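Trainee: To start, I am sharing the structure in question, which I have written as structure tokens.
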Amino acid sequence: MGTDIGELLKKQQVEISELSHKVVAVDAYNTLYQFLSIIRQRDGTPLKDSRGNITSHLSGILYRMTSLMEEGIKPVFVFDGKPSHLKARTIEKRTADREKATIKWEEAKSKGLAEEAYMYAQASSRVTHEIVEDSRKLLVAMGIPWVDAPSEGESQAAHMVKRGDANYVASQDYDSLLFGASFVVRNLTITGKRKLPKKNIFVDVKPEIMELGENLAELEIDQSQLIEIALCVGTDYNRGLEKIGPKKALKLIKEHRSIEKVLQAVGQNIEDLQEIKDLFLNPSVTDNYTLKWKKPDTDAIVEFLCQGHDFSKERVIKACERLEKISGPGQRTLDQWF
DNA sequence: TCCACTCC
DNA sequence: GGAGTGGAC
């Protein structure tokens, strides 16, 4: 997913408290996908209510956003709009991969291969329309704003950082840097535990910040060249060049100064090159949004999660009390919130 | 208070 | 992922 240029980028580990009072534009798709793939029962089944609706994302949103907001972070969710036609191949591939994984999940389950089953269960995660709608409902009840991107959520989130309406884009992907976000935060979690892929081992992770300008300076390239490197490696809009990874792409772009010359040199081609480059440089975004953090509507949260989705009332109310306290009287950050 | 482990 | 629990210290 996204572009694999991570190893070129300098990241700075920070404490969550360092993000206090910052507005963070959360890449909704990325975050929801993360919740769906990770918040699961031991056999790999996602959390579900009694009617069979998936609820993993709701649990993730409720608890993580509550914790982040307790730290003084102001999240805004940015949802994907209509994807570019250039993304069609990637979307088809994701669908196919998901379908394969779903079949393999069943197979592994019937063979009693628990670990394998879990892995395929994760890979079968899908951010459905219903999951997006439910997430929006919960966000509204929690008083967290959200924005609909005309196209990519990541580009809209990057745009909001460029405009100064947000301080960071939160995403595990690197694409928002390609879209020109000057600050991106990864691993925006509380516990700081992350399961290693495949293995049943957990490692400590801290939020890490990437600064676009600093990275460009370090790599001695400009924004356009960073995009060209990504194009060489492969993005959601194009297949990467054969036998070219991020290190080699960087070297080639610096050496030849432009991707056209790189393509000549390696004797390969990238379809729709200019169009994709333009998509990163001039993405479709909107200024038509207002960011307003409101007091949580505890009744609505309880109604939605407990009556609607069988959450434990006791636990939900506890989370609501934490939320109310954030915006409540005696809170120093009160004026920062409204 | 710190974990491992379970439940959601 | 994050909350809750219970045993170990």
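Within each chain, counting starts at residue 1; across the structure tokens, chains are named A, B, ... in the order shown, with ligands numbered 1 upward in that order.
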Go through chain A residue by residue and, counting only C-alpha atoms (C1' of nucleotides), keep those with an atom at most 9 Å from chain C; for each kept residue give the shortest atom pair and its distance in Å to one decimal, ordered by chain and increasing number, as CSV.
Mentor:
residue,atom,partner,partner_atom,distance
A:Phe35,CA,C:DG1,C1',7.0
A:Ile38,CA,C:DG1,C1',6.9
A:Ile39,CA,C:DG1,C1',5.9
A:Ser59,CA,C:DG1,C1',8.3
A:Gly60,CA,C:DG1,C1',6.1
A:Tyr63,CA,C:DG2,C1',6.4
A:Arg64,CA,C:DG2,C1',7.3
A:Thr189,CA,C:DG1,C1',8.3
A:Ile190,CA,C:DG2,C1',8.4
A:Thr191,CA,C:DG2,C1',7.6
A:Lys193,CA,C:DG1,C1',8.6
A:Arg194,CA,C:DG1,C1',8.9
A:Arg315,CA,C:DA3,C1',8.1
Trainee: Report as number ranges by chain: the residues of stretch 19-252 of chain A with a DSSP assignment of helix (DSSP H, G or I), based on the backbone of this structure.
Mentor: A: 19, 28-38, 56-70, 85-111, 114-123, 129-142, 153-162, 175-178, 212-219, 223-233, 246-252
Trainee: For the selection just defined, write its residues with C-alpha atoms to a file, as a tab-separated table (two decimals), in the first residue's frame.
Mentor:
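After the write, selection.tsv holds the following:
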chain	number	residue	atom	x	y	z
A	19	LEU	CA	1.92	16.33	20.24
A	28	ALA	CA	-9.25	7.71	7.97
A	29	TYR	CA	-8.89	4.84	5.52
A	30	ASN	CA	-5.43	4.00	6.80
A	31	THR	CA	-6.51	4.12	10.43
A	32	LEU	CA	-9.72	2.17	9.92
A	33	TYR	CA	-7.87	-0.49	7.98
A	34	GLN	CA	-5.37	-0.75	10.81
A	35	PHE	CA	-8.13	-1.20	13.37
A	36	LEU	CA	-9.92	-3.78	11.25
A	37	SER	CA	-6.84	-5.86	10.70
A	38	ILE	CA	-5.52	-5.72	14.24
A	56	SER	CA	-13.46	-3.46	15.55
A	57	HIS	CA	-13.10	0.04	14.14
A	58	LEU	CA	-15.63	1.46	16.59
A	59	SER	CA	-13.68	0.08	19.50
A	60	GLY	CA	-10.49	1.45	18.04
A	61	ILE	CA	-11.91	4.92	17.43
A	62	LEU	CA	-13.54	5.17	20.84
A	63	TYR	CA	-10.55	4.21	22.90
A	64	ARG	CA	-7.70	5.58	20.84
A	65	MET	CA	-9.28	8.93	20.14
A	66	THR	CA	-10.27	9.29	23.78
A	67	SER	CA	-6.69	8.67	24.82
A	68	LEU	CA	-5.21	10.98	22.21
A	69	MET	CA	-7.61	13.75	23.14
A	70	GLU	CA	-6.71	13.29	26.79
A	85	HIS	CA	-8.94	6.26	-12.44
A	86	LEU	CA	-5.20	5.72	-12.28
A	87	LYS	CA	-5.71	3.79	-9.08
A	88	ALA	CA	-8.02	1.24	-10.69
A	89	ARG	CA	-5.37	-1.44	-11.02
A	90	THR	CA	-4.32	-1.13	-7.39
A	91	ILE	CA	-7.92	-1.28	-6.24
A	92	GLU	CA	-8.57	-4.37	-8.36
A	93	LYS	CA	-5.49	-6.01	-6.96
A	94	ARG	CA	-6.52	-5.24	-3.40
A	95	THR	CA	-9.93	-6.75	-4.03
A	96	ALA	CA	-8.39	-9.86	-5.54
A	97	ASP	CA	-5.87	-10.20	-2.71
A	98	ARG	CA	-8.65	-9.85	-0.18
A	99	GLU	CA	-10.72	-12.52	-1.85
A	100	LYS	CA	-7.78	-14.90	-1.97
A	101	ALA	CA	-7.06	-14.21	1.68
A	102	THR	CA	-10.68	-14.89	2.62
A	103	ILE	CA	-10.52	-18.29	0.96
A	104	LYS	CA	-7.18	-19.11	2.55
A	105	TRP	CA	-8.53	-18.03	5.92
A	106	GLU	CA	-11.30	-20.61	5.63
A	107	GLU	CA	-8.83	-23.25	4.50
A	108	ALA	CA	-6.44	-22.56	7.34
A	109	LYS	CA	-9.30	-22.60	9.82
A	110	SER	CA	-10.54	-25.96	8.65
A	111	LYS	CA	-7.02	-27.34	8.85
A	114	ALA	CA	-4.36	-20.99	13.90
A	115	GLU	CA	-1.51	-18.63	13.10
A	116	GLU	CA	-2.00	-18.87	9.39
A	117	ALA	CA	-5.72	-18.38	9.81
A	118	TYR	CA	-5.11	-15.22	11.78
A	119	MET	CA	-2.78	-13.85	9.15
A	120	TYR	CA	-5.24	-14.44	6.32
A	121	ALA	CA	-8.06	-13.08	8.42
A	122	GLN	CA	-6.13	-9.84	8.75
A	123	ALA	CA	-5.43	-9.72	5.04
A	129	HIS	CA	-19.17	1.72	3.11
A	130	GLU	CA	-20.94	0.68	6.28
A	131	ILE	CA	-17.72	0.81	8.28
A	132	VAL	CA	-17.09	4.34	7.04
A	133	GLU	CA	-20.67	5.40	7.86
A	134	ASP	CA	-20.54	3.91	11.35
A	135	SER	CA	-17.18	5.58	11.97
A	136	ARG	CA	-18.61	8.95	10.98
A	137	LYS	CA	-21.57	8.49	13.30
A	138	LEU	CA	-19.30	7.72	16.22
A	139	LEU	CA	-16.98	10.63	15.43
A	140	VAL	CA	-19.90	13.04	15.34
A	141	ALA	CA	-21.15	11.77	18.70
A	142	MET	CA	-17.66	12.11	20.14
A	153	GLY	CA	-7.76	11.34	1.92
A	154	GLU	CA	-3.99	11.62	2.17
A	155	SER	CA	-3.82	14.49	-0.30
A	156	GLN	CA	-6.63	16.35	1.43
A	157	ALA	CA	-4.93	15.82	4.80
A	158	ALA	CA	-1.67	17.08	3.32
A	159	HIS	CA	-3.51	20.09	1.95
A	160	MET	CA	-4.87	20.88	5.41
A	161	VAL	CA	-1.35	20.84	6.81
A	162	LYS	CA	-0.16	23.08	3.98
A	175	ASP	CA	2.10	9.21	0.44
A	176	SER	CA	1.14	12.38	2.28
A	177	LEU	CA	4.78	13.47	2.00
A	178	LEU	CA	4.49	13.03	-1.74
A	212	LEU	CA	9.36	16.90	4.59
A	213	GLY	CA	11.73	19.84	4.22
A	214	GLU	CA	14.37	18.31	6.43
A	215	ASN	CA	14.23	15.08	4.47
A	216	LEU	CA	14.46	16.79	1.11
A	217	ALA	CA	17.47	18.77	2.34
A	218	GLU	CA	19.09	15.63	3.67
A	219	LEU	CA	18.53	13.76	0.42
A	223	GLN	CA	9.66	17.71	-3.92
A	224	SER	CA	9.31	16.86	-7.57
A	225	GLN	CA	12.27	14.52	-7.39
A	226	LEU	CA	10.89	12.81	-4.30
A	227	ILE	CA	7.77	12.08	-6.32
A	228	GLU	CA	9.90	10.78	-9.17
A	229	ILE	CA	11.71	8.44	-6.79
A	230	ALA	CA	8.34	7.16	-5.65
A	231	LEU	CA	7.32	6.66	-9.25
A	232	CYS	CA	10.43	4.55	-9.82
A	233	VAL	CA	9.71	2.45	-6.75
A	246	PRO	CA	14.29	3.20	-3.06
A	247	LYS	CA	18.08	3.44	-2.68
A	248	LYS	CA	18.74	2.88	-6.33
A	249	ALA	CA	15.90	5.17	-7.35
A	250	LEU	CA	17.39	7.97	-5.28
A	251	LYS	CA	20.78	7.43	-6.82
A	252	LEU	CA	19.40	7.38	-10.34
Trainee: Considering only C-alpha atoms (C1' of nucleotides), give me a table of residues in chain B that are at most 12 Å from chain A, with the closest atom pair and distance in Å for each, as JSON lines.
Mentor:
{"residue": "B:DC5", "atom": "C1'", "partner": "A:Arg42", "partner_atom": "CA", "distance": 11.5}
{"residue": "B:DT6", "atom": "C1'", "partner": "A:Arg42", "partner_atom": "CA", "distance": 9.7}
{"residue": "B:DC7", "atom": "C1'", "partner": "A:Gln41", "partner_atom": "CA", "distance": 8.5}
{"residue": "B:DC8", "atom": "C1'", "partner": "A:Leu47", "partner_atom": "CA", "distance": 6.8}
Trainee: Generate the output file for the selected residues, all heavy atoms, as a PDB file, in the first residue's frame.
Mentor:
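Saved as selection.pdb:
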ATOM      1  P    DC B   5       0.767 -15.496  28.685  1.00  0.00           P
ATOM      2  OP1  DC B   5       1.591 -16.711  28.664  1.00  0.00           O
ATOM      3  OP2  DC B   5       0.725 -14.575  27.533  1.00  0.00           O
ATOM      4  O5'  DC B   5      -0.730 -15.906  29.020  1.00  0.00           O
ATOM      5  C5'  DC B   5      -1.345 -15.567  30.279  1.00  0.00           C
ATOM      6  C4'  DC B   5      -2.726 -15.000  30.036  1.00  0.00           C
ATOM      7  O4'  DC B   5      -2.690 -13.559  30.200  1.00  0.00           O
ATOM      8  C3'  DC B   5      -3.300 -15.246  28.630  1.00  0.00           C
ATOM      9  O3'  DC B   5      -4.575 -15.844  28.747  1.00  0.00           O
ATOM     10  C2'  DC B   5      -3.384 -13.852  28.028  1.00  0.00           C
ATOM     11  C1'  DC B   5      -3.599 -13.012  29.281  1.00  0.00           C
ATOM     12  N1   DC B   5      -3.334 -11.551  29.100  1.00  0.00           N
ATOM     13  C2   DC B   5      -4.194 -10.633  29.725  1.00  0.00           C
ATOM     14  O2   DC B   5      -5.132 -11.058  30.416  1.00  0.00           O
ATOM     15  N3   DC B   5      -3.973  -9.307  29.556  1.00  0.00           N
ATOM     16  C4   DC B   5      -2.951  -8.889  28.806  1.00  0.00           C
ATOM     17  N4   DC B   5      -2.782  -7.589  28.688  1.00  0.00           N
ATOM     18  C5   DC B   5      -2.068  -9.819  28.164  1.00  0.00           C
ATOM     19  C6   DC B   5      -2.298 -11.121  28.326  1.00  0.00           C
ATOM     20  P    DT B   6      -5.356 -16.255  27.454  1.00  0.00           P
ATOM     21  OP1  DT B   6      -5.585 -17.705  27.495  1.00  0.00           O
ATOM     22  OP2  DT B   6      -4.732 -15.622  26.277  1.00  0.00           O
ATOM     23  O5'  DT B   6      -6.750 -15.531  27.735  1.00  0.00           O
ATOM     24  C5'  DT B   6      -7.309 -15.515  29.057  1.00  0.00           C
ATOM     25  C4'  DT B   6      -8.408 -14.493  29.099  1.00  0.00           C
ATOM     26  O4'  DT B   6      -7.821 -13.164  29.034  1.00  0.00           O
ATOM     27  C3'  DT B   6      -9.383 -14.592  27.922  1.00  0.00           C
ATOM     28  O3'  DT B   6     -10.710 -14.523  28.419  1.00  0.00           O
ATOM     29  C2'  DT B   6      -9.037 -13.392  27.053  1.00  0.00           C
ATOM     30  C1'  DT B   6      -8.500 -12.395  28.063  1.00  0.00           C
ATOM     31  N1   DT B   6      -7.542 -11.396  27.518  1.00  0.00           N
ATOM     32  C2   DT B   6      -7.783 -10.068  27.753  1.00  0.00           C
ATOM     33  O2   DT B   6      -8.743  -9.659  28.373  1.00  0.00           O
ATOM     34  N3   DT B   6      -6.846  -9.218  27.228  1.00  0.00           N
ATOM     35  C4   DT B   6      -5.708  -9.552  26.507  1.00  0.00           C
ATOM     36  O4   DT B   6      -4.947  -8.692  26.097  1.00  0.00           O
ATOM     37  C5   DT B   6      -5.524 -10.956  26.296  1.00  0.00           C
ATOM     38  C7   DT B   6      -4.325 -11.439  25.504  1.00  0.00           C
ATOM     39  C6   DT B   6      -6.428 -11.816  26.800  1.00  0.00           C
ATOM     40  P    DC B   7     -11.921 -14.779  27.482  1.00  0.00           P
ATOM     41  OP1  DC B   7     -12.908 -15.526  28.259  1.00  0.00           O
ATOM     42  OP2  DC B   7     -11.419 -15.265  26.185  1.00  0.00           O
ATOM     43  O5'  DC B   7     -12.473 -13.309  27.268  1.00  0.00           O
ATOM     44  C5'  DC B   7     -12.967 -12.563  28.388  1.00  0.00           C
ATOM     45  C4'  DC B   7     -13.351 -11.176  27.912  1.00  0.00           C
ATOM     46  O4'  DC B   7     -12.164 -10.470  27.505  1.00  0.00           O
ATOM     47  C3'  DC B   7     -14.295 -11.202  26.700  1.00  0.00           C
ATOM     48  O3'  DC B   7     -15.396 -10.351  26.995  1.00  0.00           O
ATOM     49  C2'  DC B   7     -13.432 -10.696  25.555  1.00  0.00           C
ATOM     50  C1'  DC B   7     -12.386  -9.835  26.268  1.00  0.00           C
ATOM     51  N1   DC B   7     -11.074  -9.734  25.588  1.00  0.00           N
ATOM     52  C2   DC B   7     -10.459  -8.486  25.465  1.00  0.00           C
ATOM     53  O2   DC B   7     -11.027  -7.479  25.926  1.00  0.00           O
ATOM     54  N3   DC B   7      -9.252  -8.409  24.845  1.00  0.00           N
ATOM     55  C4   DC B   7      -8.667  -9.514  24.371  1.00  0.00           C
ATOM     56  N4   DC B   7      -7.488  -9.373  23.784  1.00  0.00           N
ATOM     57  C5   DC B   7      -9.275 -10.788  24.487  1.00  0.00           C
ATOM     58  C6   DC B   7     -10.469 -10.858  25.090  1.00  0.00           C
ATOM     59  P    DC B   8     -16.666 -10.363  26.059  1.00  0.00           P
ATOM     60  OP1  DC B   8     -17.834 -10.298  26.947  1.00  0.00           O
ATOM     61  OP2  DC B   8     -16.519 -11.447  25.078  1.00  0.00           O
ATOM     62  O5'  DC B   8     -16.541  -8.974  25.303  1.00  0.00           O
ATOM     63  C5'  DC B   8     -16.295  -7.787  26.048  1.00  0.00           C
ATOM     64  C4'  DC B   8     -15.870  -6.724  25.080  1.00  0.00           C
ATOM     65  O4'  DC B   8     -14.504  -6.962  24.682  1.00  0.00           O
ATOM     66  C3'  DC B   8     -16.697  -6.712  23.792  1.00  0.00           C
ATOM     67  O3'  DC B   8     -17.326  -5.447  23.654  1.00  0.00           O
ATOM     68  C2'  DC B   8     -15.692  -6.971  22.676  1.00  0.00           C
ATOM     69  C1'  DC B   8     -14.369  -6.589  23.327  1.00  0.00           C
ATOM     70  N1   DC B   8     -13.164  -7.255  22.793  1.00  0.00           N
ATOM     71  C2   DC B   8     -12.070  -6.454  22.432  1.00  0.00           C
ATOM     72  O2   DC B   8     -12.151  -5.229  22.582  1.00  0.00           O
ATOM     73  N3   DC B   8     -10.960  -7.052  21.940  1.00  0.00           N
ATOM     74  C4   DC B   8     -10.912  -8.376  21.815  1.00  0.00           C
ATOM     75  N4   DC B   8      -9.796  -8.913  21.320  1.00  0.00           N
ATOM     76  C5   DC B   8     -12.011  -9.207  22.173  1.00  0.00           C
ATOM     77  C6   DC B   8     -13.111  -8.607  22.655  1.00  0.00           C
TER      78       DC B   8
END
Trainee: Between atom CA of A:Asp222 and atom CA of A:Phe183, what is the distance, to one decimal in Å?
Mentor: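 Atom CA of A:Phe183 lies at a distance of 15.7 Å from atom CA of A:Asp222.
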Trainee: Have a look at atom CA of A:Gly234 and atom CA of A:Leu281 and let me know their distance in Å, one decimal.
Mentor: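 Calculated distance between atom CA of A:Gly234 and atom CA of A:Leu281 is 16.3 Å.
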Trainee: Between atom CA of A:Pro296 and atom CA of A:Glu324, measure the distance and give it in Å to one decimal.
Mentor: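 Here the two named atoms are 6.3 Å from each other.
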Trainee: Report the residues of stretch 48-188 of chain A whose backbone DSSP state falls under strand (DSSP E or B), written as a PDB file with C-alpha atoms, in the first residue's frame.
Mentor:
ATOM      1  CA  LYS A  48     -18.902  -8.194  15.828  1.00  0.00           C
ATOM      2  CA  ILE A  54     -18.086  -5.642  12.396  1.00  0.00           C
ATOM      3  CA  LYS A  74      -7.072  17.431  18.353  1.00  0.00           C
ATOM      4  CA  PRO A  75      -7.868  14.832  15.710  1.00  0.00           C
ATOM      5  CA  VAL A  76      -9.766  15.412  12.505  1.00  0.00           C
ATOM      6  CA  PHE A  77     -10.614  12.446  10.307  1.00  0.00           C
ATOM      7  CA  VAL A  78     -10.168  12.769   6.577  1.00  0.00           C
ATOM      8  CA  PHE A  79     -12.120  10.294   4.485  1.00  0.00           C
ATOM      9  CA  TRP A 146     -14.253  14.908   9.847  1.00  0.00           C
ATOM     10  CA  VAL A 147     -13.691  16.040   6.302  1.00  0.00           C
ATOM     11  CA  ASP A 148     -14.640  14.395   3.029  1.00  0.00           C
ATOM     12  CA  TYR A 168       0.386  16.772  11.125  1.00  0.00           C
ATOM     13  CA  VAL A 169      -0.980  14.119   8.866  1.00  0.00           C
ATOM     14  CA  ALA A 170      -1.332  10.864  10.751  1.00  0.00           C
ATOM     15  CA  PHE A 183       4.800  17.068   8.850  1.00  0.00           C
ATOM     16  CA  VAL A 184       3.653  13.479   9.083  1.00  0.00           C
ATOM     17  CA  VAL A 185       3.306  11.344  12.185  1.00  0.00           C
ATOM     18  CA  ARG A 186       3.343   7.555  12.145  1.00  0.00           C
TER      19      ARG A 186
END
